[in-house]
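Remarks on the structure that follows.
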Amino acid sequence: MERETERRLAAHAVELGRRAAPAVLPELIGLLDTPSPEVRRLAASAIGKLAGIADAEAAVAALTRTLRDKHPQVRQYAVKALKAYGTTAESALADLRDIASNDSEKAYNRRDASAAVETVEEALRLQAAGETHVCQRCGA
């Protein structure tokens with residue numbers, strides 16, 4: 001990818017995240033398929049910022065797919081974003097646990113995946129206990 005195109009798309013991903021508008025989710029999901037790991041990382045981060053306002057199932061599905069990215073920082077930002085989706089990220093728990101226990105994974109990804117697993121599991125426990133509201137952003 002040409003460097004100028006990469007810079008433009010990276011800035012666009014950041015801007016979409018700042019908008020905090022549910023309508024930008026499909027565009028951000030599309031940016032997860034660009035050849036640039038920087039753009040994919042920023043798109044994953046922006047999707048995390050949409051937790052609680054965008055289509056959570058579509059976001060979680062796209063982020064879960066991104067957990068298999070070949071670049072560790074892209075995986076890191078997908079893990080962090082999934083954590084923000086609370087109970088909806090239940091479908092990603094197996095993948096998150098795999099990252100958390102994978103000795104060949106970067107230490108920061110293992111740490112963040114462990115934290116994401118704890119947050120999602122706690123959100124699920126609260127939901128099962130009959131809490132009336134589970135925040136998708138923090139899981140509480």
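Residues in the structure tokens are numbered from 1 in each chain, the chains being A, B, ... in the order shown, and ligands are numbered from 1 in the order shown.
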Each range 13-43 of chain A residue no farther than 9 Å from range 73-94 of chain A, nearest pair in Å, only C-alpha atoms, as a Markdown table:
| residue | atom | partner | partner_atom | distance |
| --- | --- | --- | --- | --- |
| A:Pro37 | CA | A:Val74 | CA | 6.4 |
| A:Glu38 | CA | A:Val74 | CA | 7.6 |
| A:Val39 | CA | A:Val74 | CA | 8.9 |
| A:Arg40 | CA | A:Val74 | CA | 6.3 |
| A:Arg41 | CA | A:Val74 | CA | 4.4 |
| A:Leu42 | CA | A:Tyr77 | CA | 7.8 |
| A:Ala43 | CA | A:Tyr77 | CA | 8.8 |
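For the atom pair formed by CA of Ala100 in chain A and CA of Ala113 in chain A, the distance is 5.1 Å, given to one decimal.
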key: Those of range 4-139 of chain A in DSSP alpha helix (DSSP H), formatted as an MDAnalysis selection string   = chainID A and resid 4:19 25:31 37:49 56:66 72:83 93:101 107:128
Using only C-alpha atoms, I'd like a table of the residues in range 10-56 of chain A that come within 7 Å of range 60-69 of chain A; for each, show the closest atom pair and its distance in Å rounded to one decimal, ordered by chain and ascending number, as JSON lines.
{"residue": "A:Ile29", "atom": "CA", "partner": "A:Ala62", "partner_atom": "CA", "distance": 6.4}
{"residue": "A:Ala44", "atom": "CA", "partner": "A:Leu63", "partner_atom": "CA", "distance": 6.7}
{"residue": "A:Ala56", "atom": "CA", "partner": "A:Val60", "partner_atom": "CA", "distance": 6.0}
Save the residues we just selected, N, CA and C atoms, as a CSV table (one decimal), in the first residue's frame?
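Result file is result_8.csv:
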chain,number,residue,atom,x,y,z
A,29,ILE,N,-15.4,-1.9,9.7
A,29,ILE,CA,-15.2,-3.3,9.4
A,29,ILE,C,-14.5,-3.5,8.1
A,44,ALA,N,-9.7,-1.4,14.4
A,44,ALA,CA,-10.1,-2.2,15.6
A,44,ALA,C,-10.4,-1.4,16.8
A,56,ALA,N,-23.6,-4.6,18.0
A,56,ALA,CA,-22.6,-5.3,18.8
A,56,ALA,C,-22.2,-6.7,18.2
request  = State, in Å with one decimal place, the distance from CA of Leu50 in chain A to CA of Ala20 in chain A.
outcome  = 5.8 Å
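The coordinates place CA of Tyr108 in chain A at 25.7 Å from CA of Ala58 in chain A.
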Please identify all polymer residues within 9 Å of Ser114 in chain A, counting only C-alpha atoms, omitting same-chain residues fewer than 6 positions from it, and present them as an mmCIF file with all heavy atoms, in the first residue's frame.
data_model
loop_
_atom_site.group_PDB
_atom_site.id
_atom_site.type_symbol
_atom_site.label_atom_id
_atom_site.label_comp_id
_atom_site.auth_asym_id
_atom_site.auth_seq_id
_atom_site.Cartn_x
_atom_site.Cartn_y
_atom_site.Cartn_z
ATOM 1 N N LEU A 96 -10.186 -15.760 22.879
ATOM 2 C CA LEU A 96 -9.488 -14.944 23.864
ATOM 3 C C LEU A 96 -8.702 -15.818 24.843
ATOM 4 O O LEU A 96 -7.564 -15.506 25.188
ATOM 5 C CB LEU A 96 -10.471 -14.046 24.617
ATOM 6 C CG LEU A 96 -11.092 -12.919 23.795
ATOM 7 C CD1 LEU A 96 -12.261 -12.284 24.553
ATOM 8 C CD2 LEU A 96 -10.050 -11.876 23.434
ATOM 9 N N ARG A 97 -9.305 -16.926 25.252
ATOM 10 C CA ARG A 97 -8.590 -17.848 26.143
ATOM 11 C C ARG A 97 -7.368 -18.450 25.447
ATOM 12 O O ARG A 97 -6.324 -18.642 26.084
ATOM 13 C CB ARG A 97 -9.531 -18.954 26.611
ATOM 14 C CG ARG A 97 -10.540 -18.504 27.637
ATOM 15 C CD ARG A 97 -11.355 -19.685 28.173
ATOM 16 N NE ARG A 97 -12.445 -19.215 28.983
ATOM 17 C CZ ARG A 97 -13.736 -19.281 28.629
ATOM 18 N NH1 ARG A 97 -14.099 -19.820 27.485
ATOM 19 N NH2 ARG A 97 -14.667 -18.826 29.438
ATOM 20 N N ILE A 99 -5.514 -17.054 23.154
ATOM 21 C CA ILE A 99 -4.469 -16.030 23.141
ATOM 22 C C ILE A 99 -3.841 -15.907 24.530
ATOM 23 O O ILE A 99 -2.622 -15.839 24.670
ATOM 24 C CB ILE A 99 -5.027 -14.677 22.656
ATOM 25 C CG1 ILE A 99 -5.374 -14.753 21.160
ATOM 26 C CG2 ILE A 99 -4.040 -13.545 22.921
ATOM 27 C CD1 ILE A 99 -6.129 -13.562 20.636
ATOM 28 N N ALA A 100 -4.682 -15.895 25.562
ATOM 29 C CA ALA A 100 -4.191 -15.728 26.933
ATOM 30 C C ALA A 100 -3.245 -16.849 27.352
ATOM 31 O O ALA A 100 -2.328 -16.625 28.144
ATOM 32 C CB ALA A 100 -5.371 -15.650 27.900
ATOM 33 N N SER A 101 -3.432 -18.036 26.809
ATOM 34 C CA SER A 101 -2.616 -19.180 27.230
ATOM 35 C C SER A 101 -1.544 -19.583 26.225
ATOM 36 O O SER A 101 -0.820 -20.550 26.446
ATOM 37 C CB SER A 101 -3.524 -20.380 27.512
ATOM 38 O OG SER A 101 -4.168 -20.792 26.317
#
message = I'd like the neighbourhood of Val14 in chain A as a list in words, where a residue qualifies if any of its atoms comes within 9 Å (using only C-alpha atoms), though same-chain residues fewer than 4 positions away should be ignored.
response = Leu9, Ala10, Arg18, Arg19, Leu42, Ala43, Ser45 and Ala46 of chain A
Could those residues be written to a file, using N, CA and C atoms, as a PDB file, in the first residue's frame?
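And here is the file that came out, again31.pdb:
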ATOM      1  N   LEU A   9      -5.957   6.589   5.132  1.00  0.00           N
ATOM      2  CA  LEU A   9      -6.885   5.612   5.703  1.00  0.00           C
ATOM      3  C   LEU A   9      -6.752   5.522   7.222  1.00  0.00           C
ATOM      4  N   ALA A  10      -5.526   5.630   7.726  1.00  0.00           N
ATOM      5  CA  ALA A  10      -5.321   5.611   9.179  1.00  0.00           C
ATOM      6  C   ALA A  10      -6.025   6.800   9.828  1.00  0.00           C
ATOM      7  N   ARG A  18     -13.826   8.678  16.393  1.00  0.00           N
ATOM      8  CA  ARG A  18     -14.174   9.901  17.137  1.00  0.00           C
ATOM      9  C   ARG A  18     -15.624  10.307  16.925  1.00  0.00           C
ATOM     10  N   ARG A  19     -16.155   9.973  15.772  1.00  0.00           N
ATOM     11  CA  ARG A  19     -17.552  10.343  15.483  1.00  0.00           C
ATOM     12  C   ARG A  19     -18.523   9.649  16.425  1.00  0.00           C
ATOM     13  N   LEU A  42      -5.955   0.612  13.933  1.00  0.00           N
ATOM     14  CA  LEU A  42      -6.769   1.786  14.249  1.00  0.00           C
ATOM     15  C   LEU A  42      -8.258   1.526  14.028  1.00  0.00           C
ATOM     16  N   ALA A  43      -8.588   0.723  13.035  1.00  0.00           N
ATOM     17  CA  ALA A  43      -9.995   0.365  12.804  1.00  0.00           C
ATOM     18  C   ALA A  43     -10.524  -0.472  13.967  1.00  0.00           C
ATOM     19  N   SER A  45      -9.456  -0.429  17.047  1.00  0.00           N
ATOM     20  CA  SER A  45      -9.598   0.500  18.163  1.00  0.00           C
ATOM     21  C   SER A  45     -10.885   1.308  18.038  1.00  0.00           C
ATOM     22  N   ALA A  46     -11.151   1.812  16.857  1.00  0.00           N
ATOM     23  CA  ALA A  46     -12.360   2.617  16.629  1.00  0.00           C
ATOM     24  C   ALA A  46     -13.621   1.794  16.840  1.00  0.00           C
TER      25      ALA A  46
END
Nearest candidate to Arg8 in chain A (options A:Arg110, A:Ser36, A:Val120, A:Ala21; using only C-alpha atoms) = A:Ser36
